[in-house]
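Peer 1: For reference, the structure I am asking about is given below.
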Amino acid sequence: MPPTSPTPGNRSAARTNWRRLGSAAAATAALLVAGFGTAVDASAAAGTTATKTVVSKSTAAKAGSTKVTWTRSCAEPKKKGEMACNALRVTGGTTAFMQANAHANAVTPKAAADSPTGYGPSDLQDAYGLTDAAASNGSGETIAIVDAYDDPNAASDLAAYRSYYGLSACTTANGCFKKVSQTGSTTSLPSADSGWAGEISLDLDMASAVCPNCNITLVEAKSSSMANLGTAVNEAVKLGAKYVSNSYGGSESSSDTSYDSSYFNHPGVAITVSAGDSGYGAEYPAASKYVTSVGGTALSSSSNSRGWTEKVWNTSSTEGTGSGCSSYDAKPTWQTDTSCSKRMIADVSAVADPATGVSVYDTYGDGTGWVTYGGTSASSPIIAAVYALAGTPSSGSYPAQFPYGSAGTSALNDVTSGSNGSCSTSYFCTARSGYDGPTGWGTPEGVSAFTG
């Protein structure tokens with residue numbers, strides 16, 4: 001059964017509805033793995049696996065000593081100019097969604113994999129004040145998702161996700177969904193890759209969750225090189241997308257400024273990029289002055305007036321949202337923090353902690369159906385979809401600037417607690433009132449901060 005749609009603009013009703021899932025299948029059969037374990041960061045790079053014992057701070061705060069396990073979906077870059085996706089697939093433990101449903105329905109989480117174990121569309125819309133906009137806006141707008149390699153099951157997995165949650169069909173046949181290569185071909189597609197396929201499912205589902213009325217174009221690069229991914233960005237814009245999500249990144253280099261001019265300088269197009277999943281430190285293309293760099297939070301339900309609370313996502317010193325002062329990219333004119341003379345990451349943020357992760361439907365390679373994902377790969381398409389709900393950016397504008405016009409207002413949820421590592425300048429890695437590196441100016445509260 002798909003969950004009941006929330007009453008537009010009514011946070012209380014929306015929270016009641018998603019908890020109502022638990023009285024059906026979601027609170028019992030929908031729970032992935034219960035109990036306590038060792039978090040495994042399994043690098044997808046060939047021949048390398050690193051095991052670490054980590055406790056998710058967001059979950060620990062909510063559920064005592066509960067631990068969540070996860071694995072990286074994509075291989076780490078092996079050489080300069082390669083990118084890795086920022087998707088983290090939950091493999092065990094008790095997520096915030098599972099905890100909330102178990103508590104609300106007085107059940108014990110049980111192992112299963114046939115229903116969601118993470119946040120769904122109504123949760124995300126409610127958390128970010130988007131219920132009204134998601135119901136009314138987005139028709140005729142196209143969100144482009146740029147990723148590497150092919151996901152052969154992209155269309156069918158997207159259909160399953162949208163059907164479960166009661167979202168309108170988005171298919172090739174009805175013109176809502178399109179999958180193309182970096183050259184625009186619908187038939188000559190890249191080779192398939194199971195790790196990037198999980199990333200693709202995450203991106204498509206998050207775009208659908210936040211902007212269910214939007215069209216979606218998936219542009220698949222033939223490899224994970226910045227050159228090929230950048231070519232895919234250009235193709236997305238060429239095909240008419242005004243919102244382009246990029247959930248990948250790599251180390252900064254002296255080539256970044258040339259990448260900026262070649263691939264990301266598209267006035268009138270909102271280009272979002274994940275800030276990274278390795279804790280404090282800048283990465284590219286989040287450092288591009290032409291993009292909206294998106295940090296990550298831990299999102300949990302709360303008894304406060306908003307119904308939700310957020311803090312910086314940080315699992316360990318090397319596991320959490322990225323942030324930092326770029327070594328190469330110039331500071332955009334609208335960014336006014338004083339301790340970083342170049343581009344500062346991030347601009348805004350959204351949920352990314354795997355322990356407070358989102359539900360995704362994926363059946364190719366890594367996935368067997370319903371899985372939960374985290375990483376700033378979740379937050380980038382969420383913010384791209386918020387831009388789409390806000391409407392077409394003005395001609396010649398750089399939408400990365402838009403949230404700065406609403407800085408410090410109720411249009412953004414200021415995230416004021418948590419850090420993502422150690423740094424010599426506090427706000428580079430530690431949340432505070434106002435602007436900070438890990439969360440930027442905060443998370444969306446409606447769409448007004450993303451229009452201009």
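In the structure tokens, chains take letters A, B, ... by order of appearance, with residues numbered from 1 within each chain and ligands from 1 in the order shown.
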Output as a Markdown table one row per residue of stretch 109-211 of chain A within 7 Å of stretch 77-100 of chain A: the closest atom pair and its distance in Å to one decimal place, counting only C-alpha atoms, sorted by chain and residue number ascending.
Peer 2:
| residue | atom | partner | partner_atom | distance |
| --- | --- | --- | --- | --- |
| A:Pro109 | CA | A:Met98 | CA | 6.9 |
| A:Thr117 | CA | A:Met98 | CA | 6.0 |
| A:Gly118 | CA | A:Phe97 | CA | 5.2 |
| A:Tyr119 | CA | A:Phe97 | CA | 6.0 |
| A:Trp196 | CA | A:Cys85 | CA | 7.0 |
| A:Glu199 | CA | A:Ala87 | CA | 5.7 |
Peer 1: Taking the chain letters and numbering used in this document, name the residues of stretch 155-284 of chain A that DSSP puts in strand (DSSP E or B), as an MDAnalysis selection string.
Peer 2: chainID A and resid 177:181 192 215:221 225 243:246 248:250 270:274 278 281 284
Peer 1: Tell me which protein, DNA and RNA residues are within 10 Å of A:Ser395, counting only C-alpha atoms, leaving out same-chain ones fewer than 6 positions away, and put them as a VMD selection string.
Peer 2: chain A and resid 267 to 269 452
Peer 1: So, counting only C-alpha atoms, which residue among A:Gly375, A:Gly365, A:Gly249, A:Pro381 is closest to A:Leu218?
Peer 2: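 Closest residue, counting only C-alpha atoms: A:Pro381.
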Peer 1: Using only C-alpha atoms, determine which residues lie at most 12 Å from stretch 156-166 of chain A, disregarding the query and same-chain residues fewer than 6 positions distant; provide the list as a PyMOL selection string.
Peer 2: chain A and resi 1-6+18+21+25-26+114-116+119-123+172-173+176-179+197-198+200-213+216+218+358-364+367-371
Peer 1: Would you mind listing what lies within 7 Å of stretch 141-147 of chain A as a list in words, with only C-alpha atoms counted and same-chain residues fewer than 4 positions away left out?
Peer 2: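 Listed by chain and then number, they are Ile200, Asp203, Cys214, Asn215, Ile216, Thr217, Leu218, Val219, Glu220, Ala221, Leu229, Ala232, Val233, Ala236, Ala241, Lys242, Tyr243, Val244, Ser245, Asn246, Ala385 and Ala388 of chain A.
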Peer 1: Include C-alpha atoms and write out the residues we just selected as a JSON list (two decimals), in the first residue's frame.
Peer 2:
[["chain", "number", "residue", "atom", "x", "y", "z"],
["A", 200, "ILE", "CA", 21.32, 6.47, -10.15],
["A", 203, "ASP", "CA", 19.13, 10.29, -7.53],
["A", 214, "CYS", "CA", 8.76, 17.13, -12.67],
["A", 215, "ASN", "CA", 10.11, 15.36, -15.73],
["A", 216, "ILE", "CA", 13.44, 13.59, -15.28],
["A", 217, "THR", "CA", 16.30, 13.15, -17.75],
["A", 218, "LEU", "CA", 19.09, 10.73, -16.81],
["A", 219, "VAL", "CA", 22.33, 11.52, -18.63],
["A", 220, "GLU", "CA", 24.88, 8.71, -18.35],
["A", 221, "ALA", "CA", 28.57, 9.46, -18.88],
["A", 229, "LEU", "CA", 30.79, 13.69, -16.57],
["A", 232, "ALA", "CA", 27.15, 14.88, -19.70],
["A", 233, "VAL", "CA", 26.39, 18.12, -17.81],
["A", 236, "ALA", "CA", 21.79, 17.89, -19.98],
["A", 241, "ALA", "CA", 17.15, 20.91, -18.29],
["A", 242, "LYS", "CA", 17.15, 23.94, -15.98],
["A", 243, "TYR", "CA", 18.10, 21.86, -12.93],
["A", 244, "VAL", "CA", 21.09, 19.50, -13.03],
["A", 245, "SER", "CA", 22.12, 17.31, -10.09],
["A", 246, "ASN", "CA", 25.64, 15.92, -9.73],
["A", 385, "ALA", "CA", 14.25, 19.32, -6.96],
["A", 388, "ALA", "CA", 12.57, 22.95, -9.72]]
Peer 1: Work out how far atom CA of A:Cys340 is from atom CA of A:Thr416, in Å to one decimal.
Peer 2: 19.7 Å
Peer 1: Which of stretch 203-443 of chain A counts as helix (DSSP H, G or I) under DSSP, as a PyMOL selection string please?
Peer 2: chain A and resi 203-210+226-238+256-264+354-356+376-390+399-406+426-429
Peer 1: Ranking A:Ser261, A:Gly440, A:Ser300, A:Ile271 by minimum distance to A:Thr336 and counting only C-alpha atoms, which one comes first?
Peer 2: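 Comparing A:Ser261, A:Gly440, A:Ser300, A:Ile271 against A:Thr336, the winner is A:Gly440.
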Peer 1: Between atom CA of A:Tyr398 and atom CA of A:Ser341, what is the distance, to one decimal in Å?
Peer 2: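 So the two atoms, atom CA of A:Tyr398 and atom CA of A:Ser341, lie 19.8 Å apart.
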Peer 1: If I take atom CA of A:Val273 and atom CA of A:Asp151, how far is one from the other in Å, to one decimal?
Peer 2: 20.3 Å
